[in-house]
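Participant: Have a peek at my_file25.txt (compact mmCIF, C-alpha atoms).
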# COMPACT_ATOMS: atom_id res chain seq x y z
CA MET Z 132 21.73 35.04 14.13
CA LYS Z 133 24.97 33.42 15.24
CA ALA Z 134 25.93 32.42 18.78
CA VAL Z 135 28.50 34.37 20.77
CA ALA Z 136 31.97 32.86 20.87
CA TYR Z 137 32.28 30.23 23.55
CA ALA Z 138 34.76 27.54 24.57
CA PHE Z 139 33.83 23.90 24.14
CA GLU Z 140 34.84 21.10 26.48
CA ALA Z 141 34.08 17.43 26.04
CA ALA Z 142 33.83 15.65 29.38
CA ALA Z 143 34.18 11.87 29.63
CA SER Z 144 32.47 11.22 32.99
CA VAL Z 145 29.98 12.72 35.42
CA ASP Z 146 32.81 13.75 37.76
CA ALA Z 147 34.78 15.38 34.94
CA THR Z 148 31.63 17.26 33.93
CA THR Z 149 30.85 18.58 37.40
CA LEU Z 150 34.54 19.53 37.78
CA ALA Z 151 34.39 21.52 34.52
CA LEU Z 152 31.11 23.12 35.63
CA ARG Z 153 32.58 24.15 38.99
CA ALA Z 154 35.67 25.57 37.26
CA GLY Z 155 33.48 27.60 34.91
CA GLY Z 156 31.00 28.79 37.54
CA TRP Z 157 27.73 30.19 36.22
CA GLY Z 158 29.50 30.96 32.91
CA ALA Z 159 29.66 27.23 32.14
CA LYS Z 160 26.66 25.26 30.90
CA PRO Z 161 26.29 21.56 30.15
CA ILE Z 162 24.79 20.82 26.72
CA ALA Z 163 22.71 17.66 26.22
CA GLY Z 164 20.71 17.50 22.97
CA GLY Z 165 20.97 21.25 22.53
CA GLN Z 166 17.53 21.53 20.95
CA SER Z 167 16.53 24.41 23.27
CA LEU Z 168 19.95 25.71 24.24
CA GLY Z 169 21.03 25.79 20.57
CA ALA Z 170 18.14 28.09 19.74
CA MET Z 171 18.85 30.25 22.81
CA LEU Z 172 22.52 30.50 21.71
CA ASN Z 173 21.63 31.52 18.15
CA LEU Z 174 19.19 34.15 19.47
CA ARG Z 175 21.89 35.25 21.96
CA LEU Z 176 19.47 34.83 24.83
CA ALA Z 177 22.17 32.54 26.26
CA GLN Z 178 25.78 33.76 26.18
CA PRO Z 179 27.85 31.16 28.03
CA GLU Z 180 31.63 31.27 28.31
CA THR Z 181 31.97 27.49 28.15
CA LEU Z 182 29.76 24.63 27.00
CA VAL Z 183 30.45 21.19 28.46
CA ASP Z 184 29.46 18.46 25.99
CA LEU Z 185 27.64 15.52 27.58
CA ASP Z 186 27.73 13.22 24.52
CA GLY Z 187 30.76 11.32 25.77
CA VAL Z 188 29.43 10.65 29.29
CA ALA Z 189 28.38 7.00 29.12
CA GLU Z 190 26.53 7.03 32.45
CA LEU Z 191 24.05 9.60 31.18
CA ALA Z 192 22.98 7.25 28.38
CA THR Z 193 22.30 4.27 30.67
CA LEU Z 194 18.96 2.67 31.31
CA ARG Z 195 18.18 0.40 34.25
CA GLU Z 196 15.07 -1.63 34.88
CA ALA Z 197 14.06 -2.56 38.42
CA ALA Z 198 10.99 -4.31 39.77
CA ASP Z 199 9.32 -1.07 40.87
CA HIS Z 200 10.86 1.57 38.59
CA VAL Z 201 12.83 2.37 35.44
CA PHE Z 202 15.90 4.61 35.57
CA PHE Z 203 16.34 6.79 32.48
CA GLY Z 204 19.75 8.37 31.95
CA ALA Z 205 19.55 12.13 31.33
CA MET Z 206 20.50 11.70 27.65
CA THR Z 207 17.51 9.48 26.80
CA THR Z 208 15.98 11.02 23.67
CA HIS Z 209 12.31 11.84 23.14
CA ALA Z 210 12.30 9.74 19.95
CA SER Z 211 13.53 6.62 21.77
CA ILE Z 212 10.63 6.99 24.22
CA GLU Z 213 8.18 7.70 21.35
CA ASP Z 214 9.31 4.58 19.45
CA GLY Z 215 9.27 2.29 22.48
CA ARG Z 216 13.02 1.64 22.15
CA VAL Z 217 13.21 2.11 25.93
CA PRO Z 218 10.89 0.44 28.47
CA ASP Z 219 7.70 2.28 29.42
CA PRO Z 220 6.81 2.21 33.14
CA SER Z 221 3.91 4.64 32.63
CA GLY Z 222 1.21 2.60 30.87
CA GLY Z 223 1.58 4.51 27.62
CA LEU Z 224 1.74 8.07 28.98
CA MET Z 225 5.44 8.67 28.27
CA PRO Z 226 5.35 7.54 24.60
CA PHE Z 227 2.16 9.58 24.08
CA VAL Z 228 3.76 12.72 25.52
CA ALA Z 229 7.05 12.14 23.65
CA ARG Z 230 5.31 12.03 20.28
CA SER Z 231 3.81 15.47 20.87
CA ILE Z 232 7.12 17.19 21.69
CA ALA Z 233 8.18 19.64 18.95
CA TYR Z 234 9.08 17.82 15.70
CA ARG Z 235 10.63 14.47 14.83
CA ALA Z 236 13.99 16.03 13.84
CA VAL Z 237 14.08 17.68 17.27
CA ARG Z 238 12.93 14.55 19.12
CA ASN Z 239 15.76 12.55 17.52
CA ARG Z 240 18.26 14.65 19.46
CA GLY Z 241 16.40 16.37 22.31
CA THR Z 242 16.70 14.68 25.72
CA LEU Z 243 14.66 14.04 28.83
CA GLY Z 244 17.31 15.50 31.14
CA GLY Z 245 18.00 18.53 28.97
CA SER Z 246 14.33 19.41 28.79
CA LEU Z 247 13.94 19.14 32.58
CA CYS Z 248 16.96 21.35 33.26
CA HIS Z 249 15.98 23.92 30.65
CA ALA Z 250 12.71 24.17 32.62
CA ASP Z 251 10.53 25.92 30.08
CA PRO Z 252 7.11 26.10 31.79
CA ALA Z 253 5.38 25.16 28.51
CA ALA Z 254 7.56 22.07 27.90
CA ASP Z 255 6.25 18.56 28.45
CA TRP Z 256 8.52 16.56 30.78
CA VAL Z 257 8.43 19.25 33.49
CA SER Z 258 4.69 18.53 33.76
CA THR Z 259 4.67 14.80 32.96
CA LEU Z 260 7.35 13.56 35.39
CA PRO Z 261 5.70 15.08 38.49
CA LEU Z 262 2.45 13.47 37.32
CA LEU Z 263 4.25 10.12 37.32
CA GLY Z 264 5.78 10.74 40.76
CA ALA Z 265 9.31 10.55 39.31
CA THR Z 266 12.55 11.29 41.18
CA VAL Z 267 15.43 13.30 39.74
CA ILE Z 268 19.02 12.26 40.56
CA VAL Z 269 21.58 15.04 40.71
CA ALA Z 270 25.37 14.76 41.01
CA GLY Z 271 27.44 17.33 42.87
CA GLU Z 272 31.09 17.56 43.88
CA HIS Z 273 31.13 14.90 46.58
CA SER Z 274 27.76 13.25 46.57
CA ARG Z 275 24.49 12.66 44.83
CA ARG Z 276 21.10 13.78 45.94
CA GLU Z 277 17.55 12.92 44.98
CA ILE Z 278 14.83 15.47 44.36
CA ALA Z 279 11.14 14.79 43.75
CA ALA Z 280 10.34 15.78 40.16
CA ALA Z 281 7.45 17.84 41.55
CA ALA Z 282 9.95 20.04 43.45
CA PHE Z 283 12.80 20.11 40.88
CA MET Z 284 11.58 23.06 38.82
CA THR Z 285 11.19 26.15 40.99
CA SER Z 286 10.02 28.79 38.49
CA ALA Z 287 10.30 29.65 34.79
CA PHE Z 288 13.73 28.44 33.58
CA GLU Z 289 14.85 27.87 37.19
CA THR Z 290 15.52 24.55 38.91
CA GLN Z 291 16.99 23.34 42.18
CA LEU Z 292 20.33 22.61 40.45
CA ALA Z 293 23.10 24.38 42.36
CA GLU Z 294 26.24 25.73 40.69
CA GLY Z 295 28.31 22.82 39.39
CA GLU Z 296 25.55 20.23 39.73
CA LEU Z 297 24.48 17.90 36.94
CA LEU Z 298 21.24 15.99 36.42
CA VAL Z 299 22.25 12.34 35.98
CA GLY Z 300 18.88 10.76 35.31
CA VAL Z 301 15.30 10.21 36.34
CA ARG Z 302 13.68 7.32 38.20
CA VAL Z 303 10.10 6.70 37.09
CA PRO Z 304 7.97 4.36 39.24
CA ARG Z 305 6.16 1.57 37.44
CA ARG Z 306 2.43 2.06 37.31
CA SER Z 307 0.04 -0.90 37.40
CA THR Z 308 -1.65 -2.25 34.28
CA ASP Z 309 -4.89 -0.60 35.50
CA VAL Z 310 -3.43 2.92 35.38
CA ARG Z 311 -5.49 5.52 33.53
CA TRP Z 312 -4.19 8.87 32.40
CA SER Z 313 -4.98 11.89 30.27
CA TYR Z 314 -2.63 14.49 28.83
CA ARG Z 315 -4.18 17.51 27.18
CA LYS Z 316 -2.33 20.52 25.84
CA PHE Z 317 -3.45 23.39 23.65
CA CYS Z 318 -1.22 24.23 20.69
CA ARG Z 319 -2.41 26.33 17.76
CA LYS Z 320 0.11 24.55 15.56
CA THR Z 321 1.33 20.95 15.91
CA GLY Z 322 4.66 20.91 17.73
CA GLU Z 323 4.64 24.44 19.10
CA PHE Z 324 4.97 25.10 22.82
CA SER Z 325 1.76 24.59 24.76
CA HIS Z 326 -0.48 27.47 25.83
CA ALA Z 327 -2.24 25.38 28.49
CA THR Z 328 -1.44 21.87 29.72
CA VAL Z 329 -3.42 19.58 32.01
CA GLY Z 330 -2.45 16.01 32.89
CA ALA Z 331 -4.30 13.54 35.09
CA LEU Z 332 -3.34 10.11 36.39
CA ALA Z 333 -5.25 7.54 38.44
CA ASP Z 334 -3.86 4.17 39.49
CA PRO Z 335 -6.44 2.02 41.31
CA ALA Z 336 -3.67 -0.39 42.39
CA ASP Z 337 -2.38 2.01 45.06
CA GLY Z 338 -5.13 4.66 45.01
CA THR Z 339 -2.93 7.39 43.49
CA GLU Z 340 -4.84 10.27 41.94
CA ARG Z 341 -2.85 13.21 40.60
CA LEU Z 342 -3.46 16.27 38.50
CA VAL Z 343 -0.93 18.64 36.96
CA LEU Z 344 -1.59 22.08 35.51
CA GLY Z 345 1.24 23.29 33.31
CA ALA Z 346 2.30 25.93 30.78
CA LEU Z 347 1.70 28.50 33.54
CA ASP Z 348 3.91 31.52 34.16
CA GLY Z 349 6.04 29.50 36.60
CA ALA Z 350 6.54 25.85 37.49
CA PRO Z 351 3.65 23.41 36.94
CA ARG Z 352 1.25 22.93 39.85
CA ILE Z 353 0.69 19.41 41.17
CA PHE Z 354 -2.39 18.30 43.09
CA GLU Z 355 -2.80 14.92 44.72
CA GLY Z 356 -5.30 13.12 46.90
CA ALA Z 357 -7.61 10.16 47.22
CA SER Z 358 -10.65 10.61 44.93
CA LEU Z 359 -9.26 14.01 43.82
CA LEU Z 360 -10.30 13.51 40.20
CA ARG Z 361 -13.78 12.19 40.97
CA ASP Z 362 -14.41 15.09 43.36
CA LEU Z 363 -13.27 17.63 40.76
CA SER Z 364 -15.50 16.09 38.10
CA ALA Z 365 -18.50 16.28 40.41
CA ASP Z 366 -17.93 19.72 41.90
CA ALA Z 367 -17.78 22.83 39.70
CA ALA Z 368 -16.89 25.07 42.64
CA ARG Z 369 -13.82 22.93 43.40
CA ARG Z 370 -12.73 23.09 39.76
CA GLN Z 371 -13.07 26.87 39.81
CA ALA Z 372 -11.12 27.15 43.06
CA LEU Z 373 -8.35 25.01 41.57
CA LEU Z 374 -8.20 27.13 38.41
CA ASP Z 375 -8.19 30.37 40.45
CA ASP Z 376 -5.32 29.00 42.52
CA ALA Z 377 -3.17 27.65 39.68
CA GLY Z 378 -4.10 30.28 37.10
CA GLN Z 379 -2.95 33.32 39.07
CA GLY Z 380 -1.38 35.92 36.80
CA LEU Z 381 -2.76 34.39 33.59
CA ASP Z 382 -4.83 36.54 31.25
CA ASP Z 383 -8.45 35.62 30.49
CA THR Z 384 -7.61 33.73 27.29
CA ARG Z 385 -5.06 31.45 28.93
CA ARG Z 386 -7.36 30.90 31.90
CA ALA Z 387 -10.12 29.87 29.52
CA LEU Z 388 -7.76 27.49 27.71
CA LEU Z 389 -6.62 26.00 31.01
CA ALA Z 390 -10.26 25.50 32.09
CA GLU Z 391 -11.02 23.75 28.80
CA MET Z 392 -7.99 21.46 29.04
CA LEU Z 393 -9.07 20.60 32.61
CA ARG Z 394 -12.58 19.79 31.40
CA LEU Z 395 -11.21 17.55 28.61
CA ALA Z 396 -8.75 15.80 30.93
CA LEU Z 397 -11.40 15.03 33.56
CA ASN Z 398 -13.69 13.84 30.79
CA ASP Z 399 -10.93 11.53 29.47
CA MET Z 400 -10.61 10.00 32.93
CA GLU Z 401 -14.30 9.05 32.90
CA ILE Z 402 -14.55 8.06 29.24
CA PRO Z 403 -11.07 7.04 28.01
CA ARG Z 404 -10.22 8.28 24.51
CA MET Y 11 40.24 62.79 18.03
CA LYS Y 12 40.58 59.90 20.42
CA ALA Y 13 40.97 56.46 18.88
CA VAL Y 14 38.16 54.09 19.83
CA ASN Y 15 39.45 51.06 21.63
CA LEU Y 16 37.47 48.07 20.41
CA GLU Y 17 37.90 44.83 22.27
CA PHE Y 18 37.05 41.60 20.51
CA PRO Y 19 36.91 38.24 22.23
CA ALA Y 20 39.70 35.82 21.39
CA VAL Y 21 38.82 33.56 18.45
CA ARG Y 22 39.00 29.90 19.42
CA GLU Y 23 39.46 27.44 16.60
CA SER Y 24 39.17 23.68 16.46
CA ARG Y 25 40.44 21.31 13.81
CA ILE Y 26 37.83 18.62 13.16
CA THR Y 27 37.07 15.93 10.61
CA LEU Y 28 33.46 15.19 9.79
CA ASP Y 29 32.04 12.20 7.93
CA VAL Y 30 29.82 13.95 5.40
CA ASN Y 31 28.15 11.95 2.65
CA GLY Y 32 30.68 9.16 3.13
CA ARG Y 33 33.69 11.44 2.73
CA ALA Y 34 36.05 12.68 5.40
CA CYS Y 35 35.92 16.50 5.47
CA ALA Y 36 38.68 18.16 7.50
CA MET Y 37 38.05 21.74 8.52
CA THR Y 38 38.89 24.46 11.02
CA VAL Y 39 35.85 25.91 12.78
CA GLU Y 40 35.03 27.95 15.84
CA PRO Y 41 33.14 26.01 18.53
CA ARG Y 42 30.13 28.25 17.89
CA THR Y 43 29.95 27.34 14.17
CA HIS Y 44 26.86 25.20 13.73
CA LEU Y 45 26.72 22.19 11.41
CA ALA Y 46 24.73 23.93 8.66
CA ASP Y 47 27.30 26.73 8.36
CA ALA Y 48 30.11 24.15 8.34
CA LEU Y 49 28.38 22.15 5.59
CA ARG Y 50 27.72 25.20 3.44
CA GLU Y 51 30.95 27.12 3.95
CA GLN Y 52 33.55 24.43 4.64
CA CYS Y 53 32.21 21.51 2.58
CA GLY Y 54 30.58 23.55 -0.20
CA LEU Y 55 27.33 21.62 0.24
CA THR Y 56 24.69 24.29 -0.22
CA ALA Y 57 21.56 22.12 -0.42
CA THR Y 58 21.24 22.51 3.35
CA HIS Y 59 19.39 25.82 3.72
CA LEU Y 60 19.12 28.16 6.69
CA GLY Y 61 15.77 29.74 7.45
CA CYS Y 62 15.07 30.53 11.07
CA GLU Y 63 18.23 29.25 12.79
CA HIS Y 64 16.28 28.29 15.86
CA GLY Y 65 14.93 24.89 15.00
CA VAL Y 66 11.43 25.79 13.82
CA CYS Y 67 11.49 26.01 9.99
CA GLY Y 68 13.21 22.72 9.13
CA ALA Y 69 15.07 24.03 6.05
CA CYS Y 70 18.39 22.79 7.51
CA THR Y 71 17.23 19.21 8.17
CA VAL Y 72 19.98 16.64 7.49
CA GLU Y 73 20.36 12.96 8.33
CA VAL Y 74 22.61 12.09 11.27
CA ASP Y 75 23.32 8.40 11.91
CA GLY Y 76 20.23 7.53 9.89
CA ALA Y 77 17.70 9.92 11.47
CA PRO Y 78 16.74 13.49 10.54
CA GLN Y 79 18.08 16.29 12.72
CA ARG Y 80 18.38 20.05 12.65
CA ALA Y 81 21.77 21.27 11.40
CA CYS Y 82 21.39 24.78 12.85
CA LEU Y 83 21.14 23.97 16.55
CA GLN Y 84 24.47 22.43 17.45
CA SER Y 85 28.14 23.09 17.06
CA ALA Y 86 29.71 21.26 14.11
CA ILE Y 87 32.23 19.86 16.59
CA ARG Y 88 29.53 17.66 18.09
CA PHE Y 89 29.06 15.79 14.80
CA ALA Y 90 32.59 14.39 14.68
CA GLY Y 91 32.34 10.61 14.69
CA LYS Y 92 28.77 10.66 13.38
CA ARG Y 93 27.56 9.89 9.88
CA VAL Y 94 26.11 13.06 8.33
CA ARG Y 95 24.16 12.91 5.06
CA THR Y 96 22.94 15.98 3.20
CA LEU Y 97 20.48 16.10 0.30
CA GLU Y 98 23.41 15.95 -2.16
CA ASP Y 99 24.04 12.35 -1.08
CA PHE Y 100 20.59 11.14 -2.14
CA ASP Y 101 21.02 11.55 -5.92
CA ASP Y 102 20.97 7.78 -6.41
CA ASP Y 103 18.55 6.97 -3.59
CA ALA Y 104 15.45 5.13 -4.87
CA VAL Y 105 13.00 6.70 -2.38
CA MET Y 106 14.39 10.18 -3.01
CA ALA Y 107 14.04 9.67 -6.77
CA GLN Y 108 10.37 8.79 -6.27
CA LEU Y 109 9.91 11.84 -4.05
CA ARG Y 110 11.57 14.17 -6.57
CA ASP Y 111 9.24 12.94 -9.32
CA ALA Y 112 6.20 13.23 -7.05
CA PHE Y 113 7.18 16.74 -5.90
CA SER Y 114 7.37 17.74 -9.60
CA ALA Y 115 4.12 16.08 -10.55
CA GLU Y 116 2.15 17.50 -7.60
CA HIS Y 117 3.60 21.04 -7.73
CA ALA Y 118 5.02 20.56 -4.25
CA LEU Y 119 7.40 23.50 -4.55
CA GLN Y 120 7.46 27.01 -5.86
CA CYS Y 121 10.50 28.98 -4.68
CA GLY Y 122 12.29 25.82 -3.52
CA TYR Y 123 13.79 27.24 -0.35
CA CYS Y 124 12.12 24.71 1.96
CA THR Y 125 12.46 21.81 -0.50
CA PRO Y 126 15.73 20.24 0.75
CA GLY Y 127 14.35 20.04 4.28
CA MET Y 128 10.96 18.88 2.99
CA LEU Y 129 12.59 16.06 1.02
CA MET Y 130 14.66 14.93 4.01
CA THR Y 131 11.55 14.86 6.23
CA ALA Y 132 9.42 13.28 3.48
CA ARG Y 133 11.92 10.44 3.08
CA ASP Y 134 11.82 9.83 6.83
CA ILE Y 135 7.98 9.70 6.74
CA VAL Y 136 7.96 7.27 3.80
CA LEU Y 137 10.47 4.89 5.40
CA ARG Y 138 9.36 5.12 9.05
CA LEU Y 139 5.59 5.42 8.61
CA PRO Y 140 4.58 3.46 5.49
CA GLN Y 141 0.94 3.40 6.70
CA ALA Y 142 0.70 7.18 7.28
CA ASP Y 143 -2.59 8.81 6.24
CA GLU Y 144 -3.03 12.47 5.37
CA VAL Y 145 -3.55 13.53 9.01
CA ARG Y 146 -0.34 11.81 10.09
CA ILE Y 147 1.62 13.25 7.15
CA ARG Y 148 0.49 16.75 8.12
CA GLU Y 149 1.42 16.10 11.76
CA GLU Y 150 4.88 14.89 10.74
CA LEU Y 151 5.36 17.86 8.37
CA ALA Y 152 4.64 20.40 11.13
CA GLY Y 153 8.38 20.88 11.64
CA ASN Y 154 8.97 22.08 8.08
CA LEU Y 155 7.63 25.47 7.02
CA CYS Y 156 6.69 26.32 3.42
CA ARG Y 157 5.49 29.80 2.57
CA CYS Y 158 4.51 29.11 -1.05
CA THR Y 159 2.45 25.98 -1.49
CA GLY Y 160 0.05 25.87 1.44
CA TYR Y 161 1.36 22.31 1.88
CA ALA Y 162 -1.39 20.73 -0.27
CA GLY Y 163 1.02 19.71 -3.04
CA ILE Y 164 3.64 18.47 -0.59
CA VAL Y 165 1.13 16.28 1.24
CA LYS Y 166 -0.16 14.92 -2.08
CA ALA Y 167 3.38 14.16 -3.25
CA ILE Y 168 4.17 12.18 -0.11
CA ARG Y 169 0.85 10.32 -0.35
CA ARG Y 170 1.63 9.48 -3.97
CA VAL Y 171 4.97 7.92 -3.01
CA LEU Y 172 3.41 6.01 -0.11
CA ASN Y 173 0.74 4.66 -2.48
CA GLU Y 174 3.29 3.76 -5.15
CA ARG Y 175 5.33 1.85 -2.62
CA ALA Y 176 2.30 0.10 -1.09
CA VAL Y 177 1.24 -1.06 -4.56
CA GLY Y 178 4.79 -1.74 -5.69
CA ALA Y 179 5.86 -3.91 -2.76
CA PRO Y 180 4.08 -7.16 -3.77
CA THR Y 181 5.23 -6.73 -7.38
CA GLU Y 182 8.84 -6.58 -6.25
CA ASN Y 183 8.33 -9.78 -4.27
CA THR Y 184 6.88 -11.50 -7.35
CA HIS Y 185 9.97 -10.55 -9.34
CA ALA Y 186 12.21 -11.81 -6.59
CA ALA Y 187 10.36 -15.12 -6.57
Render the structure in this file as structure tokens.
Facilitator:
Amino acid sequence: MKAVAYAFEAAASVDATTLALRAGGWGAKPIAGGQSLGAMLNLRLAQPETLVDLDGVAELATLREAADHVFFGAMTTHASIEDGRVPDPSGGLMPFVARSIAYRAVRNRGTLGGSLCHADPAADWVSTLPLLGATVIVAGEHSRREIAAAAFMTSAFETQLAEGELLVGVRVPRRSTDVRWSYRKFCRKTGEFSHATVGALADPADGTERLVLGALDGAPRIFEGASLLRDLSADAARRQALLDDAGQGLDDTRRALLAEMLRLALNDMEIPR
Amino acid sequence: MKAVNLEFPAVRESRITLDVNGRACAMTVEPRTHLADALREQCGLTATHLGCEHGVCGACTVEVDGAPQRACLQSAIRFAGKRVRTLEDFDDDAVMAQLRDAFSAEHALQCGYCTPGMLMTARDIVLRLPQADEVRIREELAGNLCRCTGYAGIVKAIRRVLNERAVGAPTENTHAA
């Protein structure tokens, strides 16, 4: 099918973009790589009045390395992360996840920021960035604010972005060289959206242990705590309680898939793949 | 009888020039016109096929600034200033010539609808992943759907080209020396 008629604006800066977004209200949408929005347009699930093109906004393509983190501009593509053309603060997790997103032709254009803002529960960065303890930077009319990646997505296709706000980039803390992680997702076909996602991360350097359960009906669920992963591995009742909590509203099949991904992820943490 | 009052939205048009296959193509399109429609209808380049129009089937895959991309997902306007190459531009390309021969030899097509996208993706696999084994080829091909061949012939064809090039590389060096 073909998209509805819309107006197209090319903004040259973050301020010009947020100005155009405010002028257009909820009828205006920024477009990054367009690999999800383009499909939604063609299916007429999205019918915006105006699209604001982010290709010309240099700040969104920047990359900054600091001692304790890496800042990725919102327009960083999945393929550049997959290929290691950008630094990896995550001990291999980000390139691993990037390679499993959709297909190469999509990864060449699809972006980190676009995927986060689209907020498909079954997508990968909405689960991975909370696992890494990342921070999202958002620009509004007068100021910028920072939001923990774990709190950015509020429910399916909903984020904390207010009208006229733009995601500028993501700050990902550097993990130590001892970091261990697992990322398991169930897809019947390579590249399709996940039916159940579980990620785990343990960094002995600062004692961080995190678990994320994704591809749920709403936003991913994050769990954190000292010796969280070891306790879950040892205690079947705790695993069941976690699955009952996070898997609310899922049918039996998806619950079973989620339980299996959790089993595999915890197993990976004990015996790395 | 009362006349029905139909209201149509205003048609917005943009004048753009795209760099397609090394030529400047000037055209007038609506912002909503995606690249594949622009290539087929404005440039007359019909090798780029449209299957699903939501990024899954891969029939519309073209090369943009040297890397494969979907042509159905974005407005043609967004490709101004980028280098777009469609299958038509690969007539004299050495890798594509090898792939065409291998696709023939291995029966890698039947109806041919997916073939342009398959060839674009296959060329990317051959150049980017010269060490790819069958598992990796199948993983990389997941973004291109074929409803005729069951993929066996396509995978074989790509393997054949990878093998030919792995064997051929030292020979070329010998000639150069």
Participant: Distance CA of Ala346 (chain Z)-CA of Arg394 (chain Z), one decimal place?
Facilitator: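 Interatomic distance, CA of Ala346 (chain Z) to CA of Arg394 (chain Z): 16.1 Å.
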Participant: Can you work out which one of Z:Val303, Z:Ala236, Z:Ala154, Z:Leu381 has the shortest atom-to-atom distance to chain Y, counting only C-alpha atoms?
Facilitator: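 Closest residue, counting only C-alpha atoms: Z:Ala236.
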Participant: Taking into account all atoms listed in the file, which residue in the set Z:Leu344, Z:Ala143, Z:Ala229, Z:Ala357 is nearest to Asp186 (chain Z)?
Facilitator: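 Once distances to Asp186 (chain Z) are computed over all atoms listed in the file, the minimum belongs to Z:Ala143.
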Participant: Taking all atoms listed in the file into account, which residues of chain Y are within 6 Å of chain Z, as a list in words?
Facilitator: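 Using all atoms listed in the file, chain Y residues at most 6 Å from chain Z: Arg42, His64, Pro78, Gln79, Leu83, Gln84, Ala152 and Gly153 of chain Y.
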Participant: Find, counting only C-alpha atoms, the residue in Y:Ile135, Y:Cys82, Y:Cys124, Y:Leu172 that gets nearest to Ala57 (chain Y).
Facilitator: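 Using only C-alpha atoms, the shortest distance to Ala57 (chain Y) belongs to Y:Cys124.
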Participant: What gap, in Å, lies between CA of Pro218 (chain Z) and CA of Ala254 (chain Z)?
Facilitator: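 These two atoms are separated by 21.9 Å.
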Participant: For Pro403 (chain Z), find every residue with an atom within 10 Å (counting all atoms listed in the file), except residues of its own chain fewer than 4 positions away, and show them as a ChimeraX atom specification.
Facilitator: /Z:311-313,396-399
Participant: Could you jot down the CA of Gly338 (chain Z) to CA of Ser358 (chain Z) separation for me, Å, one decimal place?
Facilitator: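 Distance reported for this atom pair: 8.1 Å.
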Participant: Counting all atoms listed in the file, figure out which residue out of Y:Leu109, Y:Cys158, Y:Gly91, Y:Pro140 gets nearest to Cys121 (chain Y).
Facilitator: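 Among the listed residues, the smallest separation from Cys121 (chain Y) belongs to Y:Cys158.
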Participant: Do a neighbour search on Cys318 (chain Z) at 10 Å with all atoms listed in the file, toss out local chain neighbours closer than 6 positions, and write the hits as a count of residues only.
Facilitator: 5
Participant: Mind checking which residues fall within 7 Å of Ser307 (chain Z), counting only C-alpha atoms, ignoring those fewer than 3 positions away in the same chain, and posting them as a ChimeraX atom specification?
Facilitator: /Z:310,334,336
Participant: Residues at most 8 Å from Arg95 (chain Y), counting only C-alpha atoms, excluding those fewer than 5 positions away in the same chain, as number ranges by chain?
Facilitator: Y: 30-32, 72-74
Participant: Since the input has fewer atoms than a full residue there, write region 61-73 of chain Y out with N, CA and C atoms, as a compact mmCIF listing (two decimals), in the coordinates of the input.
Facilitator:
# COMPACT_ATOMS: atom_id res chain seq x y z
N GLY Y 61 16.93 28.84 7.41
CA GLY Y 61 15.77 29.74 7.45
C GLY Y 61 15.74 30.50 8.74
N CYS Y 62 15.32 29.83 9.80
CA CYS Y 62 15.07 30.53 11.07
C CYS Y 62 16.27 30.48 12.01
N GLU Y 63 17.10 29.48 11.87
CA GLU Y 63 18.23 29.25 12.79
C GLU Y 63 17.82 29.13 14.24
N HIS Y 64 16.58 28.71 14.50
CA HIS Y 64 16.28 28.29 15.86
C HIS Y 64 15.39 27.05 15.92
N GLY Y 65 15.50 26.22 14.89
CA GLY Y 65 14.93 24.89 15.00
C GLY Y 65 13.47 24.75 14.62
N VAL Y 66 12.86 25.82 14.09
CA VAL Y 66 11.43 25.79 13.82
C VAL Y 66 11.12 25.49 12.35
N CYS Y 67 11.91 26.03 11.40
CA CYS Y 67 11.49 26.01 9.99
C CYS Y 67 11.85 24.71 9.26
N GLY Y 68 12.88 24.02 9.71
CA GLY Y 68 13.21 22.72 9.13
C GLY Y 68 14.00 22.76 7.83
N ALA Y 69 14.35 23.95 7.32
CA ALA Y 69 15.07 24.03 6.05
C ALA Y 69 16.46 23.39 6.13
N CYS Y 70 17.02 23.30 7.34
CA CYS Y 70 18.39 22.79 7.51
C CYS Y 70 18.43 21.31 7.85
N THR Y 71 17.29 20.62 7.74
CA THR Y 71 17.23 19.21 8.17
C THR Y 71 18.20 18.33 7.38
N VAL Y 72 19.05 17.59 8.10
CA VAL Y 72 19.98 16.64 7.49
C VAL Y 72 19.81 15.30 8.20
N GLU Y 73 20.44 14.26 7.67
CA GLU Y 73 20.36 12.96 8.33
C GLU Y 73 21.63 12.72 9.13
